[in-house]
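Peer 1: Handing you a structure now.
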Amino acid sequence: ASIFSAIAMAPRDPILGITEAFNADTNPAKINLGVGVYYDDNGKVPLLECVQKAEAKLMEQPTPRTYLPIEGLGAYDKAVQELVFGADSAVIQEKRAVTVQALGGTGALKIGADFLKRFAPDSQVYISDPSWENHRALFESAGFTVNNYAYYDAATHGVNFEGMLAALKAMPEGAIVVLHACCHNPTGAELNADQWGQVIEVVRANNLIPFLDMAYQGFGDGIAEDGAVVRRFTATPGPLLVSNSFSKSFSLYGERVGALSVVASTAEEAARLLSQLKRIVRTNYSNPPTHGGKVVATVLSTPELRQLWEDELAGMRVRIKQMRDELVKKLAEKAPGSDFEFVRKQVGMFSYSGLTKEQVEKLRAESIYAVDTGRICVAALNSKNIDRVVDAIAKVL
Ligand code: PLP
């Protein structure tokens with residue numbers, strides 16, 4: 001027998017299973033609400049006009065595909081910092097922030113996790129209950145023990161803030177706490193500004209290490225609004241890691257464009273951190289790919305394209321909100337006695353709909369696919385499919 005013969009099958013990705021079942025369904029009216037992707041009103045993944053124009057501009061003067069620096073394209077890293085921290089940020093002016101281009105938000109989280117394991121090896125990681133399903137696996141694969149902190153309150157469909165705060169207060173000094181900077185995946189439940197203030201206070205008072213994951217900047221209330229938590233953290237002394245992604249906000253899923261930024265206390269410390277981040281990148285994939293980073297840097301640094309992007313992103317954000325409104329309104333008509341008002345308060349691409357596993361299974365018989373937890377992707381709803389979804393939900397309630 002070879003050394004491979006005893007290797008067991010790895011567990012399947014639960015969301016992948018939904019996609020497989022969806023793909024195998026021959027009903028032409030099938031609807032997949034299980035995805036983590038933004039679809040437009042025609043049910044298509046958009047190719048943004050700002051991206052097409054940037055690509056056309058880049059092709060006017062094609063450049064050879066040499067290796068990028070280990071930390072990625074300089075213009076990209078600079079544009080990321082300005083977007084994430086704000087162009088007038090003190091951490092940029094004081095050269096206390098370092099940024100490395102990463103393979104999407106996932107790649108950014110992995111670089112950050114490997115970095116933390118090297119320099120805070122005895123810390124444990126805390127993620128929200130529930131969280132994006134890859135958070136746990138990512139930090140475990142970096143060698144950490146991963147725990148949950150209270151987050152979602154099924155009774156209110158909002159945040160169990162008392163539970164969350166108590167969990168933060170009980171964490172040992174040096175614990176790594178992963179926070180969704182905006183648009184919580186999978187619940188859509190958000191902290192308000194006052195609650196964030198209390199979170200920041202406890203994180204700093206107890207010397208926790210905050211790791212903000214911002215995969216949906218611009219999908220909640222706006223680019224600056226969604227980044228506000230990052231800026232509030234940088235206004236307080238202490239370490240900070242921020243992963244961000246352009247997969248959703250630029251609809252560039254397959255290009256793998258994201259970044260990890262780390263805030264240090266001095267420029268000198270920042271230089272040391274960057275040297276260590278580069279070592280991690282170097283031993284993983286050496287340097288990032290060119291295309292996606294160039295497209296994003298071009299859009300962000302060209303005023304007309306930047307404006308176009310902001311408009312297109314606003315279009316996606318507004319359409320999601322419209323779908324939330326329609327869903328609530330139509331469910332109130334079709335399922336009197338039910339109360340889905342909370343869906344309007346949830347923020348970002350997802351909603352914990354409150355549907356049970358049994359109800360989700362019944363929806364599947366109607367060729368409507370959602371996650372067992374009741375998570376639905378609001379961005380998969382559109383003016384053509386929403387009535388069918390509402391009718392089906394009303395039927396299973
Ligand atoms: N973090 C969260 C909370 C996400 O929801 C996602 C993607 O769904 C990511 C990170 C990863 O983003 P990317 O696809 O850019 O790797």
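Going through the structure tokens in order, the chains are called A, B, and so on, while each chain numbers its residues from 1 and the ligands are numbered from 1 in the order shown.
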If you count only C-alpha atoms, which residues fall within 10 Å of segment 282-296 of chain A, apart from same-chain ones fewer than 6 positions away, as number ranges by chain?
Peer 2: A: 50-58, 65-77, 79-80, 100-104, 111, 246-247, 250, 252-259, 276, 305-306, 309
Peer 1: Could you give me, as a tab-separated table, a per-residue list for chain A showing, wherever an atom lies at most 8 Å from an atom of ligand 1, the closest pair of atoms and their distance in Å to one decimal, using only C-alpha atoms and all ligand atoms and sorting by chain then residue number from low to high?
Peer 2:
residue	atom	partner	partner_atom_place_in_ligand_line	distance
A:Gly36	CA	ligand 1	8 (O)	5.7
A:Val37	CA	ligand 1	8 (O)	7.7
A:Leu103	CA	ligand 1	16 (O)	6.8
A:Gly104	CA	ligand 1	15 (O)	3.5
A:Gly105	CA	ligand 1	15 (O)	3.7
A:Thr106	CA	ligand 1	16 (O)	3.7
A:Gly107	CA	ligand 1	16 (O)	6.2
A:Ala108	CA	ligand 1	16 (O)	7.8
A:Leu109	CA	ligand 1	10 (C)	7.5
A:Ser131	CA	ligand 1	3 (C)	7.3
A:Trp132	CA	ligand 1	3 (C)	5.1
A:Asn134	CA	ligand 1	10 (C)	7.8
A:His135	CA	ligand 1	1 (N)	7.5
A:His180	CA	ligand 1	3 (C)	6.4
A:His184	CA	ligand 1	3 (C)	6.7
A:Asn185	CA	ligand 1	3 (C)	5.2
A:Pro186	CA	ligand 1	5 (O)	7.4
A:Asp213	CA	ligand 1	1 (N)	5.8
A:Met214	CA	ligand 1	1 (N)	6.6
A:Ala215	CA	ligand 1	1 (N)	5.0
A:Tyr216	CA	ligand 1	5 (O)	7.6
A:Ser243	CA	ligand 1	10 (C)	7.9
A:Asn244	CA	ligand 1	15 (O)	7.5
A:Ser245	CA	ligand 1	15 (O)	4.6
A:Phe246	CA	ligand 1	15 (O)	6.2
A:Ser247	CA	ligand 1	15 (O)	4.7
A:Lys248	CA	ligand 1	15 (O)	7.3
A:Tyr253	CA	ligand 1	14 (O)	6.0
A:Arg256	CA	ligand 1	15 (O)	6.1
A:Val257	CA	ligand 1	15 (O)	6.4
A:Gly258	CA	ligand 1	15 (O)	5.9
Peer 1: Identify, on the basis of only C-alpha atoms, every residue whose closest approach to Ala335 of chain A does not exceed 12 Å; exclude the query and any residue fewer than 4 positions from it along the same chain; express the result as a VMD selection string.
Peer 2: chain A and resid 327 to 331 339 to 340 390 to 397
Peer 1: Could you dump the residues just selected with N, CA and C atoms as a PDB file, in the first residue's frame?
Peer 2:
ATOM      1  N   LEU A 327     -38.841  42.000   0.008  1.00  0.00           N
ATOM      2  CA  LEU A 327     -39.043  40.715   0.668  1.00  0.00           C
ATOM      3  C   LEU A 327     -39.938  40.900   1.889  1.00  0.00           C
ATOM      4  N   VAL A 328     -39.630  41.929   2.684  1.00  0.00           N
ATOM      5  CA  VAL A 328     -40.410  42.185   3.903  1.00  0.00           C
ATOM      6  C   VAL A 328     -41.853  42.532   3.539  1.00  0.00           C
ATOM      7  N   LYS A 329     -42.010  43.427   2.557  1.00  0.00           N
ATOM      8  CA  LYS A 329     -43.338  43.887   2.160  1.00  0.00           C
ATOM      9  C   LYS A 329     -44.183  42.739   1.618  1.00  0.00           C
ATOM     10  N   LYS A 330     -43.585  41.965   0.729  1.00  0.00           N
ATOM     11  CA  LYS A 330     -44.334  40.883   0.074  1.00  0.00           C
ATOM     12  C   LYS A 330     -44.648  39.763   1.052  1.00  0.00           C
ATOM     13  N   LEU A 331     -43.722  39.482   1.993  1.00  0.00           N
ATOM     14  CA  LEU A 331     -44.004  38.435   2.981  1.00  0.00           C
ATOM     15  C   LEU A 331     -45.126  38.865   3.924  1.00  0.00           C
ATOM     16  N   ASP A 339     -43.561  37.941  10.878  1.00  0.00           N
ATOM     17  CA  ASP A 339     -42.899  39.236  11.025  1.00  0.00           C
ATOM     18  C   ASP A 339     -41.453  39.144  10.551  1.00  0.00           C
ATOM     19  N   PHE A 340     -41.210  39.681   9.370  1.00  0.00           N
ATOM     20  CA  PHE A 340     -39.858  39.644   8.808  1.00  0.00           C
ATOM     21  C   PHE A 340     -39.214  41.028   8.813  1.00  0.00           C
ATOM     22  N   VAL A 390     -41.063  34.368  -2.377  1.00  0.00           N
ATOM     23  CA  VAL A 390     -42.011  34.756  -1.325  1.00  0.00           C
ATOM     24  C   VAL A 390     -43.142  33.733  -1.217  1.00  0.00           C
ATOM     25  N   ASP A 391     -43.683  33.324  -2.360  1.00  0.00           N
ATOM     26  CA  ASP A 391     -44.756  32.324  -2.336  1.00  0.00           C
ATOM     27  C   ASP A 391     -44.298  31.037  -1.671  1.00  0.00           C
ATOM     28  N   ALA A 392     -43.076  30.616  -2.022  1.00  0.00           N
ATOM     29  CA  ALA A 392     -42.558  29.365  -1.469  1.00  0.00           C
ATOM     30  C   ALA A 392     -42.335  29.486   0.034  1.00  0.00           C
ATOM     31  N   ILE A 393     -41.772  30.633   0.466  1.00  0.00           N
ATOM     32  CA  ILE A 393     -41.544  30.813   1.917  1.00  0.00           C
ATOM     33  C   ILE A 393     -42.889  30.825   2.644  1.00  0.00           C
ATOM     34  N   ALA A 394     -43.854  31.562   2.098  1.00  0.00           N
ATOM     35  CA  ALA A 394     -45.171  31.640   2.748  1.00  0.00           C
ATOM     36  C   ALA A 394     -45.764  30.239   2.919  1.00  0.00           C
ATOM     37  N   LYS A 395     -45.502  29.378   1.937  1.00  0.00           N
ATOM     38  CA  LYS A 395     -46.019  28.012   1.971  1.00  0.00           C
ATOM     39  C   LYS A 395     -45.376  27.148   3.063  1.00  0.00           C
ATOM     40  N   VAL A 396     -44.086  27.369   3.314  1.00  0.00           N
ATOM     41  CA  VAL A 396     -43.389  26.496   4.296  1.00  0.00           C
ATOM     42  C   VAL A 396     -43.464  27.017   5.726  1.00  0.00           C
ATOM     43  N   LEU A 397     -43.933  28.235   5.906  1.00  0.00           N
ATOM     44  CA  LEU A 397     -43.935  28.812   7.270  1.00  0.00           C
ATOM     45  C   LEU A 397     -44.909  28.064   8.187  1.00  0.00           C
TER      46      LEU A 397
END
Peer 1: Using the chain letters and numbers from this document, which residues of segment 230-330 of chain A does DSSP assign to helix (DSSP H, G or I), as an NGL selection string?
Peer 2: :A and (230-234 or 253-255 or 267-284 or 291-301 or 303-330)
Peer 1: Can you list, as a PyMOL selection string, every protein, DNA or RNA residue that comes within 8 Å of Leu381 of chain A when you count only C-alpha atoms, leaving out same-chain residues fewer than 3 positions away?
Peer 2: chain A and resi 33+39+41+43+323+377-378+385-386
Peer 1: Please produce a file of the residues just selected, as a PDB file, in the first residue's frame, where the atoms kept are C-alpha atoms.
Peer 2:
ATOM      1  CA  LEU A  33     -30.063  31.662  -2.469  1.00  0.00           C
ATOM      2  CA  TYR A  39     -25.976  38.914  -8.709  1.00  0.00           C
ATOM      3  CA  ASP A  41     -31.281  42.047 -11.395  1.00  0.00           C
ATOM      4  CA  GLY A  43     -29.360  37.027 -12.022  1.00  0.00           C
ATOM      5  CA  MET A 323     -34.679  43.445  -2.237  1.00  0.00           C
ATOM      6  CA  CYS A 377     -28.121  35.698  -0.023  1.00  0.00           C
ATOM      7  CA  VAL A 378     -30.311  38.776  -0.509  1.00  0.00           C
ATOM      8  CA  ASN A 385     -37.590  35.649  -8.921  1.00  0.00           C
ATOM      9  CA  ILE A 386     -38.725  37.360  -5.716  1.00  0.00           C
TER      10      ILE A 386
END
Peer 1: For segment 158-164 of chain A, work out the shell of residues within 8 Å, counting only C-alpha atoms and skipping chain neighbours fewer than 3 positions away, then give it as a PDB file with N, CA and C atoms, in the first residue's frame.
Peer 2:
ATOM      1  N   TYR A 149     -17.151  33.575  20.304  1.00  0.00           N
ATOM      2  CA  TYR A 149     -17.760  34.514  21.244  1.00  0.00           C
ATOM      3  C   TYR A 149     -19.218  34.689  20.832  1.00  0.00           C
ATOM      4  N   ALA A 150     -20.082  34.936  21.834  1.00  0.00           N
ATOM      5  CA  ALA A 150     -21.515  35.082  21.560  1.00  0.00           C
ATOM      6  C   ALA A 150     -21.722  36.214  20.555  1.00  0.00           C
ATOM      7  N   TYR A 151     -22.611  36.020  19.607  1.00  0.00           N
ATOM      8  CA  TYR A 151     -22.876  37.107  18.645  1.00  0.00           C
ATOM      9  C   TYR A 151     -24.354  37.176  18.252  1.00  0.00           C
ATOM     10  N   TYR A 152     -24.850  36.118  17.650  1.00  0.00           N
ATOM     11  CA  TYR A 152     -26.209  36.190  17.104  1.00  0.00           C
ATOM     12  C   TYR A 152     -27.241  35.811  18.151  1.00  0.00           C
ATOM     13  N   ASP A 153     -28.338  36.568  18.155  1.00  0.00           N
ATOM     14  CA  ASP A 153     -29.452  36.279  19.044  1.00  0.00           C
ATOM     15  C   ASP A 153     -30.651  35.887  18.181  1.00  0.00           C
ATOM     16  N   ALA A 154     -30.951  34.594  18.167  1.00  0.00           N
ATOM     17  CA  ALA A 154     -32.020  34.096  17.292  1.00  0.00           C
ATOM     18  C   ALA A 154     -33.378  34.700  17.668  1.00  0.00           C
ATOM     19  N   ALA A 155     -33.550  35.048  18.938  1.00  0.00           N
ATOM     20  CA  ALA A 155     -34.847  35.576  19.381  1.00  0.00           C
ATOM     21  C   ALA A 155     -35.124  36.950  18.772  1.00  0.00           C
ATOM     22  N   ALA A 167     -18.265  38.078  26.785  1.00  0.00           N
ATOM     23  CA  ALA A 167     -17.245  37.166  26.243  1.00  0.00           C
ATOM     24  C   ALA A 167     -15.926  37.903  26.030  1.00  0.00           C
ATOM     25  N   LEU A 168     -16.014  39.125  25.498  1.00  0.00           N
ATOM     26  CA  LEU A 168     -14.788  39.905  25.275  1.00  0.00           C
ATOM     27  C   LEU A 168     -14.082  40.182  26.599  1.00  0.00           C
ATOM     28  N   ALA A 189     -26.517  40.682  10.959  1.00  0.00           N
ATOM     29  CA  ALA A 189     -26.764  41.442  12.195  1.00  0.00           C
ATOM     30  C   ALA A 189     -25.546  42.309  12.503  1.00  0.00           C
ATOM     31  N   GLU A 190     -25.790  43.570  12.815  1.00  0.00           N
ATOM     32  CA  GLU A 190     -24.714  44.557  12.944  1.00  0.00           C
ATOM     33  C   GLU A 190     -24.728  45.232  14.311  1.00  0.00           C
ATOM     34  N   LEU A 191     -23.550  45.611  14.789  1.00  0.00           N
ATOM     35  CA  LEU A 191     -23.469  46.444  15.995  1.00  0.00           C
ATOM     36  C   LEU A 191     -23.767  47.882  15.600  1.00  0.00           C
ATOM     37  N   GLN A 195     -22.316  50.583  20.366  1.00  0.00           N
ATOM     38  CA  GLN A 195     -21.834  49.238  20.742  1.00  0.00           C
ATOM     39  C   GLN A 195     -20.401  49.022  20.275  1.00  0.00           C
ATOM     40  N   PHE A 342     -37.252  42.370  10.672  1.00  0.00           N
ATOM     41  CA  PHE A 342     -35.809  42.354  10.992  1.00  0.00           C
ATOM     42  C   PHE A 342     -34.930  42.294   9.746  1.00  0.00           C
ATOM     43  N   GLN A 346     -31.105  44.155   8.897  1.00  0.00           N
ATOM     44  CA  GLN A 346     -29.847  43.456   8.655  1.00  0.00           C
ATOM     45  C   GLN A 346     -29.088  44.169   7.538  1.00  0.00           C
TER      46      GLN A 346
END
Peer 1: Atom CA of Arg118 of chain A and atom CA of Leu208 of chain A, how far apart in Å?
Peer 2: 16.6 Å
Peer 1: May I ask which of the residues A:Ile31, A:Val98, A:Ala205, A:Val125 is the closest one to Arg364 of chain A, counting only C-alpha atoms?
Peer 2: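 Selected residue with least distance to Arg364 of chain A: A:Ile31.
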Peer 1: Point out the residue among A:Asn148, A:Asn206, A:Asn32, A:Thr99 with the least atom-to-atom distance to Leu241 of chain A, counting only C-alpha atoms.
Peer 2: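 Among the listed residues, A:Thr99 lies closest to Leu241 of chain A.
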Peer 1: Among the residues of segment 149-373 of chain A, find those DSSP assigns to strand (DSSP E) from the backbone and print them as a PyMOL selection string.
Peer 2: chain A and resi 149-150+152-153+158-159+176-180+209-214+240-245+258-263+350-352+368-369
